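Listing of data28.cif; format and content: mmCIF, C-alpha atoms.
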```cif
data_run
#
loop_
_atom_site.label_atom_id
_atom_site.label_comp_id
_atom_site.auth_asym_id
_atom_site.auth_seq_id
_atom_site.Cartn_x
_atom_site.Cartn_y
_atom_site.Cartn_z
CA MET A 89 -6.17 43.11 -53.22
CA GLN A 90 -8.88 41.21 -51.29
CA PHE A 91 -12.61 41.31 -51.97
CA THR A 92 -15.23 41.89 -49.27
CA GLY A 93 -16.94 38.59 -50.18
CA TYR A 94 -13.69 36.74 -49.56
CA LYS A 95 -13.39 38.23 -46.06
CA ARG A 96 -16.96 37.19 -45.28
CA ILE A 97 -16.31 33.61 -46.43
CA LYS A 98 -13.10 33.52 -44.39
CA ASN A 99 -14.83 34.84 -41.27
CA LEU A 100 -17.68 32.36 -41.75
CA LYS A 101 -15.23 29.47 -41.97
CA SER A 102 -13.46 30.67 -38.79
CA LYS A 103 -16.79 30.86 -36.95
CA LYS A 104 -17.75 27.36 -38.11
CA ILE A 105 -14.42 25.98 -36.92
CA SER A 106 -14.82 27.77 -33.58
CA ILE A 107 -18.36 26.37 -33.16
CA LEU A 108 -17.16 22.86 -34.02
CA ILE A 109 -14.38 23.13 -31.43
CA GLU A 110 -16.87 24.26 -28.77
CA ILE A 111 -19.25 21.41 -29.63
CA ALA A 112 -16.40 18.90 -29.46
CA PHE A 113 -15.33 20.30 -26.09
CA PHE A 114 -18.85 19.99 -24.63
CA VAL A 115 -19.27 16.46 -26.04
CA ILE A 116 -15.99 15.38 -24.42
CA ALA A 117 -16.94 17.04 -21.13
CA PHE A 118 -20.37 15.38 -21.21
CA LEU A 119 -18.85 11.95 -21.92
CA PHE A 120 -16.33 12.44 -19.11
CA ILE A 121 -19.11 13.32 -16.63
CA LEU A 122 -21.19 10.38 -17.83
CA PHE A 123 -18.22 8.02 -17.47
CA SER A 124 -17.52 9.35 -13.96
CA ILE A 125 -21.14 8.77 -12.92
CA LEU A 126 -21.40 5.29 -14.42
CA PHE A 127 -17.90 3.95 -13.79
CA GLY A 128 -16.31 6.29 -11.23
CA LYS A 129 -16.87 4.07 -8.20
CA ASP A 130 -15.72 0.93 -9.99
CA THR A 131 -12.63 2.70 -11.31
CA LEU A 132 -11.76 3.97 -7.82
CA LYS A 133 -12.23 0.48 -6.35
CA PHE A 134 -9.97 -0.98 -9.04
CA ILE A 135 -7.23 1.61 -8.37
CA LYS A 136 -7.37 0.98 -4.61
CA LEU A 137 -7.20 -2.77 -5.16
CA LYS A 138 -4.23 -2.66 -7.53
CA LYS A 139 -2.33 -0.21 -5.31
CA THR A 140 -2.79 -2.50 -2.30
CA GLU A 141 -1.51 -5.47 -4.31
CA ARG A 142 1.55 -3.45 -5.41
CA ASP A 143 2.18 -2.29 -1.84
CA LEU A 144 2.04 -5.86 -0.52
CA LYS A 145 4.64 -6.95 -3.07
CA TYR A 146 6.77 -3.91 -2.25
CA PHE A 147 6.71 -4.46 1.53
CA SER A 148 7.56 -8.14 1.12
CA GLU A 149 10.50 -7.21 -1.13
CA ILE A 150 12.00 -4.67 1.30
CA VAL A 151 11.98 -7.24 4.11
CA TYR A 152 14.08 -9.53 1.89
CA GLU A 153 16.31 -6.59 0.96
CA TYR A 154 17.02 -5.78 4.60
CA ARG A 155 17.70 -9.45 5.34
CA GLU A 156 20.15 -9.61 2.43
CA LEU A 157 21.98 -6.52 3.71
CA TYR A 158 22.20 -7.29 7.42
CA LYS A 159 21.32 -11.03 7.84
CA TYR A 160 18.46 -10.11 10.20
CA LEU A 161 14.83 -9.15 9.74
CA PRO A 162 13.87 -5.51 10.29
CA GLY A 163 12.62 -5.09 13.85
CA ASP A 164 14.46 -8.25 14.90
CA ASP A 165 17.94 -6.84 14.18
CA PRO A 166 20.15 -6.93 17.35
CA PHE A 167 22.61 -4.39 15.88
CA ALA A 168 20.13 -1.74 14.72
CA LYS A 169 21.32 0.88 17.26
CA ALA A 170 24.89 0.61 15.98
CA ARG A 171 23.65 1.07 12.41
CA CYS A 172 21.78 4.25 13.36
CA PRO A 173 23.67 5.73 16.36
CA SER A 174 22.21 9.24 16.06
CA SER A 175 18.61 8.04 16.34
CA MET A 176 16.72 8.67 19.59
CA TYR A 177 14.12 5.92 19.15
CA ILE A 178 15.91 3.03 17.44
CA GLY A 179 15.94 -0.18 19.51
CA ASN A 180 17.64 -3.53 19.01
CA GLY A 181 15.61 -6.64 18.23
CA ASN A 182 16.11 -9.96 19.99
CA ALA A 183 17.35 -11.88 16.91
CA SER A 184 14.75 -14.61 17.39
CA GLY A 185 13.96 -14.80 13.69
CA TYR A 186 10.47 -13.37 14.23
CA ILE A 187 9.19 -9.79 14.09
CA GLY A 188 7.19 -8.88 17.17
CA ASP A 189 7.96 -11.55 19.75
CA SER A 190 10.16 -9.43 22.03
CA ASP A 191 9.05 -8.37 25.53
CA SER A 192 11.63 -5.61 25.82
CA ILE A 193 10.74 -3.53 22.73
CA ASN A 194 7.97 -3.23 20.17
CA GLU A 195 9.58 -5.00 17.22
CA GLU A 196 6.58 -4.24 14.98
CA GLU A 197 7.27 -0.54 15.44
CA GLN A 198 11.04 -0.99 15.26
CA ALA A 199 10.73 -2.82 11.93
CA MET A 200 9.69 0.46 10.30
CA ARG A 201 12.48 2.37 12.08
CA HIS A 202 15.11 -0.17 11.02
CA LEU A 203 13.98 0.03 7.39
CA ARG A 204 14.02 3.84 7.50
CA CYS A 205 17.44 3.88 9.12
CA ALA A 206 18.72 1.69 6.25
CA LYS A 207 17.14 4.14 3.72
CA ILE A 208 15.08 1.28 2.33
CA LEU A 209 11.78 2.83 3.41
CA SER A 210 11.04 6.55 3.28
CA GLY A 211 10.07 8.42 6.42
CA ASP A 212 11.55 9.89 9.59
CA VAL A 213 13.40 7.42 11.83
CA ASP A 214 12.95 9.72 14.80
CA GLU A 215 9.22 10.26 14.83
CA LYS A 216 8.27 10.00 18.49
CA TYR A 217 5.17 7.97 17.70
CA GLU A 218 5.64 5.50 14.88
CA ASN A 219 3.71 6.40 11.74
CA TYR A 220 2.92 3.09 10.05
CA PRO A 221 2.50 3.23 6.24
CA ARG A 222 -1.14 3.74 5.26
CA ASN A 223 -3.01 1.57 2.81
CA SER A 224 -5.53 2.70 0.20
CA TYR A 225 -8.48 1.91 2.47
CA GLY A 226 -7.41 4.07 5.40
CA GLY A 227 -5.78 1.32 7.47
CA ILE A 228 -2.11 0.52 8.00
CA PHE A 229 0.57 -1.98 6.99
CA LYS A 230 2.45 -3.61 9.85
CA PHE A 231 5.18 -6.26 10.01
CA SER A 232 4.49 -8.90 12.65
CA TYR A 233 4.28 -12.65 13.25
CA ILE A 234 1.44 -15.08 13.93
CA ASN A 235 1.02 -18.58 15.32
CA LEU A 236 -0.81 -20.73 12.82
CA LYS A 237 -1.52 -24.40 13.49
CA GLY A 238 1.39 -24.65 15.90
CA LYS A 239 3.87 -22.84 13.63
CA LYS A 240 5.19 -19.27 13.66
CA PHE A 241 5.17 -17.15 10.51
CA ASN A 242 6.46 -13.65 9.83
CA VAL A 243 3.71 -11.68 8.15
CA ILE A 244 2.49 -8.36 6.86
CA LYS A 245 -0.77 -7.35 8.52
CA VAL A 246 -3.11 -5.07 6.58
CA TYR A 247 -5.95 -3.35 8.44
CA LYS A 248 -9.32 -1.84 7.45
CA ILE A 249 -9.69 -3.59 4.09
CA PRO A 250 -13.26 -4.60 3.10
CA LEU A 251 -13.75 -8.37 2.91
CA GLU A 252 -14.78 -8.10 -0.77
CA ALA A 253 -11.44 -6.44 -1.56
CA MET A 254 -9.56 -9.07 0.46
CA LYS A 255 -11.08 -11.81 -1.69
CA LYS A 256 -10.00 -10.04 -4.88
CA ILE A 257 -6.47 -9.47 -3.56
CA ASP A 258 -6.25 -13.16 -2.68
CA SER A 259 -7.43 -14.10 -6.18
CA GLY A 260 -4.87 -11.76 -7.73
CA LEU A 261 -1.86 -12.73 -5.62
CA ASP A 262 -2.61 -16.18 -4.22
CA ASP A 263 -4.98 -19.15 -4.46
CA GLY A 264 -8.33 -17.34 -4.15
CA ASN A 265 -9.09 -18.92 -0.77
CA LEU A 266 -8.78 -16.69 2.31
CA LYS A 267 -8.29 -19.73 4.53
CA THR A 268 -5.27 -21.21 2.71
CA GLY A 269 -2.06 -20.13 1.00
CA LYS A 270 0.16 -17.14 1.70
CA ILE A 271 -2.80 -14.75 2.01
CA ILE A 272 -5.33 -15.46 4.72
CA VAL A 273 -7.70 -13.55 7.00
CA ILE A 274 -7.64 -13.69 10.79
CA LYS A 275 -9.79 -12.09 13.47
CA GLU A 276 -8.00 -9.63 15.72
CA GLY A 277 -9.23 -7.69 18.74
CA LYS A 278 -11.46 -8.44 21.70
CA ASP A 279 -15.06 -9.64 21.91
CA LYS A 280 -17.37 -7.52 19.72
CA ASN A 281 -14.50 -5.30 18.56
CA LYS A 282 -12.81 -8.06 16.57
CA GLU A 283 -11.98 -7.14 13.00
CA ASP A 284 -10.86 -9.01 9.89
CA VAL A 285 -7.16 -8.50 9.21
CA LEU A 286 -5.52 -9.46 5.91
CA ILE A 287 -2.39 -11.54 6.50
CA TYR A 288 0.38 -11.87 3.92
CA ILE A 289 2.76 -14.64 4.99
CA LEU A 290 6.42 -13.89 4.37
CA LYS A 291 8.61 -16.83 3.41
CA VAL A 292 11.77 -15.74 5.20
CA TYR A 293 14.00 -18.17 7.06
#
```
Re-express the file's structure as structure tokens.
Amino acid sequence: MQFTGYKRIKNLKSKKISILIEIAFFVIAFLFILFSILFGKDTLKFIKLKKTERDLKYFSEIVYEYRELYKYLPGDDPFAKARCPSSMYIGNGNASGYIGDSDSINEEEQAMRHLRCAKILSGDVDEKYENYPRNSYGGIFKFSYINLKGKKFNVIKVYKIPLEAMKKIDSGLDDGNLKTGKIIVIKEGKDKNKEDVLIYILKVY
């Protein structure tokens, strides 16, 4: 047998608990909105930065992986067609030791196709127009080579990254100086359309 007063006390406790839960929910929601307003941009910048650093490490690693498998660099591989005979757009590299110095094919584009053919990089080998991997800032990653002070280097080129982010990436992965080390910045393009391109030098021989 239960008394009416007991039911009232029980209902009152339930209402208090319900109100406390609602208050807690609104406090958490308010704090989340406040955090988003105050720190949202900085958090997004940090995420973009760290993802780009991870991607650079990843792309450098898969070049080494391909080299270990086939003894050639992706894009520069002279036997790529034989490795992927059913592909419409695979082309052989010139085996020069550098990605992008062939006159007969676009080795920068073929590098992505060779990696996809080997199942090292995800994506469709037979896309008619090569879809380069995108970076967090809306630009692309591309394997290539550059001449620097009379020497050739295989590199990863990263486009459309703000200079401020480039400096932070250099500090995180290299020596903090965009003019020295394995991460540098070069100007690419013509006349007024030149842009800063982040260069990650690959130590492959």
All residues 8 Å or closer to stretch 250-252 of chain A, only C-alpha atoms, same chain fewer than 3 positions away omitted, as a list in words: Lys255, Lys256 and Asp284 of chain A
Which of A:Arg142, A:Lys136, A:Lys240, A:Arg201 sits closest to A:Asp164 [using all atoms listed in the file]: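 Smallest separation from A:Asp164 among the options: A:Arg201.
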Selection result for the PyMOL selection byres ((chain A and resi 272) around 12) on this file, as a ChimeraX atom specification: /A:234,236,243-246,251,254-259,261-271,273-275,284-290
Please write the residues from the selection above to a file, keeping C-alpha atoms, as a PDB file, in the coordinates of the input.
```pdb
ATOM      1  CA  ILE A 234       1.440 -15.080  13.930  1.00  0.00           C
ATOM      2  CA  LEU A 236      -0.810 -20.730  12.820  1.00  0.00           C
ATOM      3  CA  VAL A 243       3.710 -11.680   8.150  1.00  0.00           C
ATOM      4  CA  ILE A 244       2.490  -8.360   6.860  1.00  0.00           C
ATOM      5  CA  LYS A 245      -0.770  -7.350   8.520  1.00  0.00           C
ATOM      6  CA  VAL A 246      -3.110  -5.070   6.580  1.00  0.00           C
ATOM      7  CA  LEU A 251     -13.750  -8.370   2.910  1.00  0.00           C
ATOM      8  CA  MET A 254      -9.560  -9.070   0.460  1.00  0.00           C
ATOM      9  CA  LYS A 255     -11.080 -11.810  -1.690  1.00  0.00           C
ATOM     10  CA  LYS A 256     -10.000 -10.040  -4.880  1.00  0.00           C
ATOM     11  CA  ILE A 257      -6.470  -9.470  -3.560  1.00  0.00           C
ATOM     12  CA  ASP A 258      -6.250 -13.160  -2.680  1.00  0.00           C
ATOM     13  CA  SER A 259      -7.430 -14.100  -6.180  1.00  0.00           C
ATOM     14  CA  LEU A 261      -1.860 -12.730  -5.620  1.00  0.00           C
ATOM     15  CA  ASP A 262      -2.610 -16.180  -4.220  1.00  0.00           C
ATOM     16  CA  ASP A 263      -4.980 -19.150  -4.460  1.00  0.00           C
ATOM     17  CA  GLY A 264      -8.330 -17.340  -4.150  1.00  0.00           C
ATOM     18  CA  ASN A 265      -9.090 -18.920  -0.770  1.00  0.00           C
ATOM     19  CA  LEU A 266      -8.780 -16.690   2.310  1.00  0.00           C
ATOM     20  CA  LYS A 267      -8.290 -19.730   4.530  1.00  0.00           C
ATOM     21  CA  THR A 268      -5.270 -21.210   2.710  1.00  0.00           C
ATOM     22  CA  GLY A 269      -2.060 -20.130   1.000  1.00  0.00           C
ATOM     23  CA  LYS A 270       0.160 -17.140   1.700  1.00  0.00           C
ATOM     24  CA  ILE A 271      -2.800 -14.750   2.010  1.00  0.00           C
ATOM     25  CA  VAL A 273      -7.700 -13.550   7.000  1.00  0.00           C
ATOM     26  CA  ILE A 274      -7.640 -13.690  10.790  1.00  0.00           C
ATOM     27  CA  LYS A 275      -9.790 -12.090  13.470  1.00  0.00           C
ATOM     28  CA  ASP A 284     -10.860  -9.010   9.890  1.00  0.00           C
ATOM     29  CA  VAL A 285      -7.160  -8.500   9.210  1.00  0.00           C
ATOM     30  CA  LEU A 286      -5.520  -9.460   5.910  1.00  0.00           C
ATOM     31  CA  ILE A 287      -2.390 -11.540   6.500  1.00  0.00           C
ATOM     32  CA  TYR A 288       0.380 -11.870   3.920  1.00  0.00           C
ATOM     33  CA  ILE A 289       2.760 -14.640   4.990  1.00  0.00           C
ATOM     34  CA  LEU A 290       6.420 -13.890   4.370  1.00  0.00           C
TER      35      LEU A 290
END
```
Each residue of stretch 103-200 of chain A with at least one atom at most 10 Å from stretch 204-221 of chain A should appear once, together with its nearest atom pair and the corresponding distance in Å (one decimal); atoms considered: all atoms listed in the file; ordering: chain, then increasing residue number; output as a tab-separated table.
```
residue	atom	partner	partner_atom	distance
A:Asp143	CA	A:Pro221	CA	9.8
A:Phe147	CA	A:Leu209	CA	9.1
A:Ile150	CA	A:Ile208	CA	6.8
A:Val151	CA	A:Ile208	CA	9.2
A:Glu153	CA	A:Ile208	CA	8.1
A:Tyr154	CA	A:Ile208	CA	7.7
A:Leu157	CA	A:Ala206	CA	9.2
A:Tyr158	CA	A:Ala206	CA	9.7
A:Pro162	CA	A:Ala206	CA	9.6
A:Ala168	CA	A:Cys205	CA	8.4
A:Lys169	CA	A:Cys205	CA	9.5
A:Arg171	CA	A:Cys205	CA	7.6
A:Cys172	CA	A:Cys205	CA	6.1
A:Pro173	CA	A:Cys205	CA	9.7
A:Ser174	CA	A:Asp214	CA	9.4
A:Ser175	CA	A:Asp214	CA	6.1
A:Met176	CA	A:Asp214	CA	6.2
A:Tyr177	CA	A:Asp214	CA	5.9
A:Ile178	CA	A:Val213	CA	7.6
A:Glu196	CA	A:Tyr220	CA	9.6
A:Glu197	CA	A:Glu218	CA	6.3
A:Gln198	CA	A:Glu218	CA	8.5
A:Ala199	CA	A:Arg204	CA	8.6
A:Met200	CA	A:Arg204	CA	6.2
```
Residues selected by the PyMOL selection byres ((chain A and resi 160) around 12), written as a PyMOL selection string: chain A and resi 151-159+161-168+180-187+199+202-203+292-293
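As for atom CA of A:Lys278 and atom CA of A:Tyr247, they are spaced 15.2 Å apart.
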Residues within 10 Å of (-17.2, -0.9, -3.3), counting all atoms listed in the file, listed as a list in words: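 Collected hits near the coordinates: Lys129, Asp130, Thr131, Leu132, Lys133, Phe134, Pro250, Glu252 and Ala253 of chain A.
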Picked residues, the PyMOL selection byres ((chain A and resi 224) around 10), as a ChimeraX atom specification: /A:133,135-140,143,222-223,225-228,248-249
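Pairwise distance (atom CA of A:Tyr146, atom CA of A:Ser232) equals 15.9 Å.
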